[in-house]
Amino acid sequence: MSTATTSTRSAPPRRRRKDDTKLALLFIAPASVGLLVFLVWPLLTGLYFSFTEYTTLTPPRWVGLENYQRLLSDPVFWNSLKVTVWYVILNIGIQTIVALIIAVLMQRLTQSTILRSLVLTPYLVSNVVAAIVFLWILDTQLGIVNIFLQSLGLDPIAFWASETWVIPTIALVNVWRHMGYTALLLFAGLQSIPAGLYEAARTDGAGEVTMFRRITLPLLRPILALVLIMTIIGSFQVFDTVSVTTQGGPADASKVLQMYIYENAFARYEFGYASALSVALLLILMVITFAQYRLSRAGESDLD
């Protein structure tokens with residue numbers, strides 16, 4: 001009797017699972033609108049303008065590949081590309097080495113939150129402010145660095161006016177500003193390496209240099225590769241520091257690609273050619289990023 005009663009008793013109604021699709025779309029809508037308005041639309045518009053002759057006084061006129069043919073035979077473009085590559089090599093090389101040393105020291109010697117905050121402090125300074133400050137510090141006549149050099153009996157160095165020194169100077173300014181942020185990214189990657197590996201290696205008699213070479217670098221490779229991709233993309237787009245300090249001089253020695261694009265667009269009002277230069281920079285970054293991602297195996301990890 002009880003069994004029959006139990007079997008005929010109606011089962012409790014299942015709660016309908018709430019559909020959160022509309023709520024999710026509502027949350028991502030602002031970011032999606034921003035992506036379309038400030039990234040996708042300018043990208044498509046710039047791609048179209050690169051095939052046109054366009055100024056603010058005349059409507060766009062389709063010229064096909066004429067801007068790209070001009071680009072290939074433009075010596076200023078190739079010089080700007082060479083200057084940019086030289087800047088990227090200096091900036092990325094010095095910044096990565098210094099940031100890696102700082103990250104390892106933070107992991108091995110201290111876990112202080114205050115120290116991490118101090119390391120990040122230069123990154124909180126804007127590019128323009130940093131450029132102005134170093135413009136004063138490295139001034140040939142009044143800069144404290146050259147005053148110190150003269151006190152040692154050395155000749156002053158024209159950091160901003162020398163074709164030899166200008167790109168290394170700009171690179172060092174940006175290394176100072178970004179090395180703390182890069183160090184924290186690498187420090188986060190170091191935190192994912194099991195401490196037991198270091199303890200086992202230390203038990204086997206391995207020193208700090210051996211552990212860094214055999215453990216830290218191989219296991220940090222995916223994070224290091226992604227950090228390098230990010231920093232290389234950012235370095236190719238350097239503009240603020242050059243604009244504030246040298247405006248591309250002396251004798252185009254610091255005229256990076258972004259500066260040349262800016263001059264064509266807002267000084268000569270050749271927006272079609274400036275758009276073609278921008279597309280060329282985009283293609284260069286895509287090729288470099290793809291090649292670096294594949295060669296460094298950034299998507300793979302040696303940590304099982």
# chains A, B, ... in the order shown; residues from 1 in each chain; ligands from 1
$ residues_around --residues "Val88 in chain A" --least-positions-apart "2" --cutoff "7 Å" --atoms "only C-alpha atoms" --output "tab-separated table (two decimals) with C-alpha atoms, in the first residue's frame"
chain	number	residue	atom	x	y	z
A	84	THR	CA	62.77	51.67	-35.08
A	85	VAL	CA	64.38	48.23	-35.25
A	86	TRP	CA	67.54	49.57	-33.59
A	90	LEU	CA	68.12	48.12	-27.42
A	91	ASN	CA	64.88	48.59	-25.50
A	92	ILE	CA	63.83	44.93	-25.44
A	232	ILE	CA	58.02	44.22	-28.86
A	235	SER	CA	58.25	49.17	-28.63
A	236	PHE	CA	57.46	49.35	-32.34
$ select_by_dssp --residues "range 52-136 of chain A" --states "strand (DSSP E)" --output "number ranges by chain"
A: 52-53, 61-62
$ write_last_selection --atoms "all heavy atoms" --output "PDB file, in the first residue's frame"
ATOM      1  N   THR A  52      43.822  55.219 -51.080  1.00  0.00           N
ATOM      2  CA  THR A  52      43.289  56.471 -51.613  1.00  0.00           C
ATOM      3  C   THR A  52      44.304  57.599 -51.456  1.00  0.00           C
ATOM      4  O   THR A  52      45.261  57.500 -50.685  1.00  0.00           O
ATOM      5  CB  THR A  52      41.991  56.881 -50.886  1.00  0.00           C
ATOM      6  OG1 THR A  52      42.289  57.201 -49.517  1.00  0.00           O
ATOM      7  CG2 THR A  52      40.958  55.778 -50.929  1.00  0.00           C
ATOM      8  N   GLU A  53      44.061  58.679 -52.199  1.00  0.00           N
ATOM      9  CA  GLU A  53      44.753  59.939 -51.970  1.00  0.00           C
ATOM     10  C   GLU A  53      43.767  60.839 -51.242  1.00  0.00           C
ATOM     11  O   GLU A  53      42.728  61.210 -51.783  1.00  0.00           O
ATOM     12  CB  GLU A  53      45.174  60.581 -53.298  1.00  0.00           C
ATOM     13  CG  GLU A  53      45.930  61.884 -53.129  1.00  0.00           C
ATOM     14  CD  GLU A  53      46.318  62.492 -54.463  1.00  0.00           C
ATOM     15  OE1 GLU A  53      46.398  61.739 -55.450  1.00  0.00           O
ATOM     16  OE2 GLU A  53      46.514  63.717 -54.515  1.00  0.00           O
ATOM     17  N   ARG A  61      40.233  59.876 -52.986  1.00  0.00           N
ATOM     18  CA  ARG A  61      40.270  59.467 -54.393  1.00  0.00           C
ATOM     19  C   ARG A  61      41.027  58.164 -54.508  1.00  0.00           C
ATOM     20  O   ARG A  61      42.175  58.060 -54.101  1.00  0.00           O
ATOM     21  CB  ARG A  61      40.938  60.554 -55.253  1.00  0.00           C
ATOM     22  CG  ARG A  61      40.974  60.231 -56.743  1.00  0.00           C
ATOM     23  CD  ARG A  61      41.542  61.396 -57.531  1.00  0.00           C
ATOM     24  NE  ARG A  61      42.941  61.620 -57.218  1.00  0.00           N
ATOM     25  CZ  ARG A  61      43.955  61.001 -57.822  1.00  0.00           C
ATOM     26  NH1 ARG A  61      43.717  60.078 -58.761  1.00  0.00           N
ATOM     27  NH2 ARG A  61      45.204  61.272 -57.484  1.00  0.00           N
ATOM     28  N   TRP A  62      40.377  57.145 -55.057  1.00  0.00           N
ATOM     29  CA  TRP A  62      40.962  55.813 -55.137  1.00  0.00           C
ATOM     30  C   TRP A  62      42.181  55.820 -56.054  1.00  0.00           C
ATOM     31  O   TRP A  62      42.113  56.243 -57.209  1.00  0.00           O
ATOM     32  CB  TRP A  62      39.927  54.822 -55.656  1.00  0.00           C
ATOM     33  CG  TRP A  62      40.402  53.398 -55.646  1.00  0.00           C
ATOM     34  CD1 TRP A  62      40.995  52.720 -56.672  1.00  0.00           C
ATOM     35  CD2 TRP A  62      40.339  52.476 -54.560  1.00  0.00           C
ATOM     36  NE1 TRP A  62      41.298  51.431 -56.299  1.00  0.00           N
ATOM     37  CE2 TRP A  62      40.909  51.254 -54.999  1.00  0.00           C
ATOM     38  CE3 TRP A  62      39.851  52.559 -53.260  1.00  0.00           C
ATOM     39  CZ2 TRP A  62      41.001  50.133 -54.189  1.00  0.00           C
ATOM     40  CZ3 TRP A  62      39.936  51.448 -52.449  1.00  0.00           C
ATOM     41  CH2 TRP A  62      40.511  50.260 -52.908  1.00  0.00           C
TER      42      TRP A  62
END
$ residues_around --residues "Leu285 in chain A" --least-positions-apart "4" --cutoff "9 Å" --atoms "only C-alpha atoms" --output "short mmCIF file (atom, residue, chain, number, x, y, z; two decimals) with N, CA, C and O atoms, in the first residue's frame"
data_model
loop_
_atom_site.label_atom_id
_atom_site.label_comp_id
_atom_site.auth_asym_id
_atom_site.auth_seq_id
_atom_site.Cartn_x
_atom_site.Cartn_y
_atom_site.Cartn_z
N ILE A 232 57.58 43.90 -27.50
CA ILE A 232 58.02 44.22 -28.86
C ILE A 232 56.94 45.00 -29.60
O ILE A 232 57.24 45.99 -30.29
N ILE A 233 55.69 44.58 -29.46
CA ILE A 233 54.60 45.32 -30.09
C ILE A 233 54.55 46.75 -29.57
O ILE A 233 54.41 47.72 -30.33
N PHE A 236 57.58 48.90 -30.95
CA PHE A 236 57.46 49.35 -32.34
C PHE A 236 56.53 50.56 -32.45
O PHE A 236 56.56 51.27 -33.46
N ALA A 280 51.45 49.06 -43.21
CA ALA A 280 52.76 48.39 -43.30
C ALA A 280 53.29 48.05 -41.92
O ALA A 280 53.82 46.95 -41.70
N LEU A 281 53.13 48.97 -40.97
CA LEU A 281 53.56 48.69 -39.59
C LEU A 281 52.75 47.54 -39.00
O LEU A 281 53.30 46.68 -38.31
N THR A 289 55.21 38.91 -34.66
CA THR A 289 54.49 38.24 -33.59
C THR A 289 54.28 36.75 -33.91
O THR A 289 54.51 35.88 -33.06
N PHE A 290 53.86 36.46 -35.13
CA PHE A 290 53.63 35.06 -35.53
C PHE A 290 54.92 34.26 -35.48
O PHE A 290 54.97 33.15 -34.93
#
$ residues_around --residues "Ala276 in chain A" --least-positions-apart "6" --cutoff "10 Å" --atoms "only C-alpha atoms" --output "mmCIF file with C-alpha atoms, in the first residue's frame"
data_model
loop_
_atom_site.group_PDB
_atom_site.id
_atom_site.type_symbol
_atom_site.label_atom_id
_atom_site.label_comp_id
_atom_site.auth_asym_id
_atom_site.auth_seq_id
_atom_site.Cartn_x
_atom_site.Cartn_y
_atom_site.Cartn_z
ATOM 1 C CA GLY A 46 42.561 53.146 -42.293
ATOM 2 C CA LEU A 47 42.806 50.134 -44.597
ATOM 3 C CA TYR A 48 40.445 51.835 -47.058
ATOM 4 C CA PHE A 49 42.270 55.183 -46.884
ATOM 5 C CA SER A 50 45.579 53.424 -47.606
ATOM 6 C CA PHE A 51 44.310 52.843 -51.155
ATOM 7 C CA THR A 52 43.289 56.471 -51.613
ATOM 8 C CA LEU A 65 48.445 50.413 -54.828
ATOM 9 C CA GLU A 66 50.061 53.767 -55.576
ATOM 10 C CA ASN A 67 50.718 54.543 -51.883
ATOM 11 C CA TYR A 68 52.351 51.161 -51.350
ATOM 12 C CA GLN A 69 54.539 51.592 -54.434
ATOM 13 C CA ARG A 70 55.617 54.973 -53.094
ATOM 14 C CA LEU A 71 56.321 53.374 -49.711
ATOM 15 C CA ILE A 261 53.313 58.384 -39.794
ATOM 16 C CA LEU A 282 50.599 46.423 -38.780
#
$ residues_around --residues "Thr140 in chain A" --least-positions-apart "5" --cutoff "9 Å" --atoms "only C-alpha atoms" --output "list in words"
Val145, Asn146, Ile147, Pro156, Ile157, Ala158, Phe159, Trp160 and Ala161 of chain A
$ residues_around --residues "Asn79 in chain A" --least-positions-apart "2" --cutoff "9 Å" --atoms "only C-alpha atoms" --output "ChimeraX atom specification"
/A:74-77,81-84,252-253,255-257
$ write_last_selection --atoms "C-alpha atoms" --output "mmCIF file, in the first residue's frame"
data_model
loop_
_atom_site.group_PDB
_atom_site.id
_atom_site.type_symbol
_atom_site.label_atom_id
_atom_site.label_comp_id
_atom_site.auth_asym_id
_atom_site.auth_seq_id
_atom_site.Cartn_x
_atom_site.Cartn_y
_atom_site.Cartn_z
ATOM 1 C CA ASP A 74 60.668 55.924 -49.966
ATOM 2 C CA PRO A 75 64.137 56.199 -48.358
ATOM 3 C CA VAL A 76 62.712 57.974 -45.308
ATOM 4 C CA PHE A 77 60.421 55.009 -44.631
ATOM 5 C CA LEU A 81 62.182 51.281 -40.077
ATOM 6 C CA LYS A 82 65.918 50.862 -39.436
ATOM 7 C CA VAL A 83 65.809 53.402 -36.596
ATOM 8 C CA THR A 84 62.767 51.674 -35.080
ATOM 9 C CA ASP A 252 66.174 61.892 -38.766
ATOM 10 C CA ALA A 253 68.359 59.837 -36.407
ATOM 11 C CA LYS A 255 62.562 59.407 -36.622
ATOM 12 C CA VAL A 256 60.791 56.168 -35.738
ATOM 13 C CA LEU A 257 57.917 54.808 -37.828
#
$ select_by_dssp --residues "range 65-302 of chain A" --states "alpha helix (DSSP H)" --output "JSON, numbers by chain"
{"A": [66, 67, 68, 69, 70, 71, 72, 75, 76, 77, 78, 79, 80, 81, 82, 83, 84, 85, 86, 87, 88, 89, 90, 91, 92, 93, 94, 95, 96, 97, 98, 99, 100, 101, 102, 103, 104, 105, 106, 107, 108, 109, 113, 114, 115, 116, 117, 118, 119, 120, 127, 128, 129, 130, 131, 132, 133, 134, 135, 136, 137, 144, 145, 146, 147, 148, 149, 150, 151, 166, 167, 168, 169, 170, 171, 172, 173, 174, 175, 176, 177, 178, 179, 180, 181, 182, 183, 184, 185, 186, 187, 188, 189, 190, 191, 195, 196, 197, 198, 199, 200, 201, 202, 203, 208, 209, 210, 211, 217, 218, 219, 220, 221, 222, 223, 224, 225, 226, 227, 228, 229, 230, 231, 232, 233, 234, 235, 236, 240, 241, 242, 243, 244, 245, 257, 258, 259, 260, 261, 262, 263, 264, 265, 266, 271, 272, 273, 274, 275, 276, 277, 278, 279, 280, 281, 282, 283, 284, 285, 286, 287, 288, 289, 290, 291, 292, 293, 294, 295, 296]}
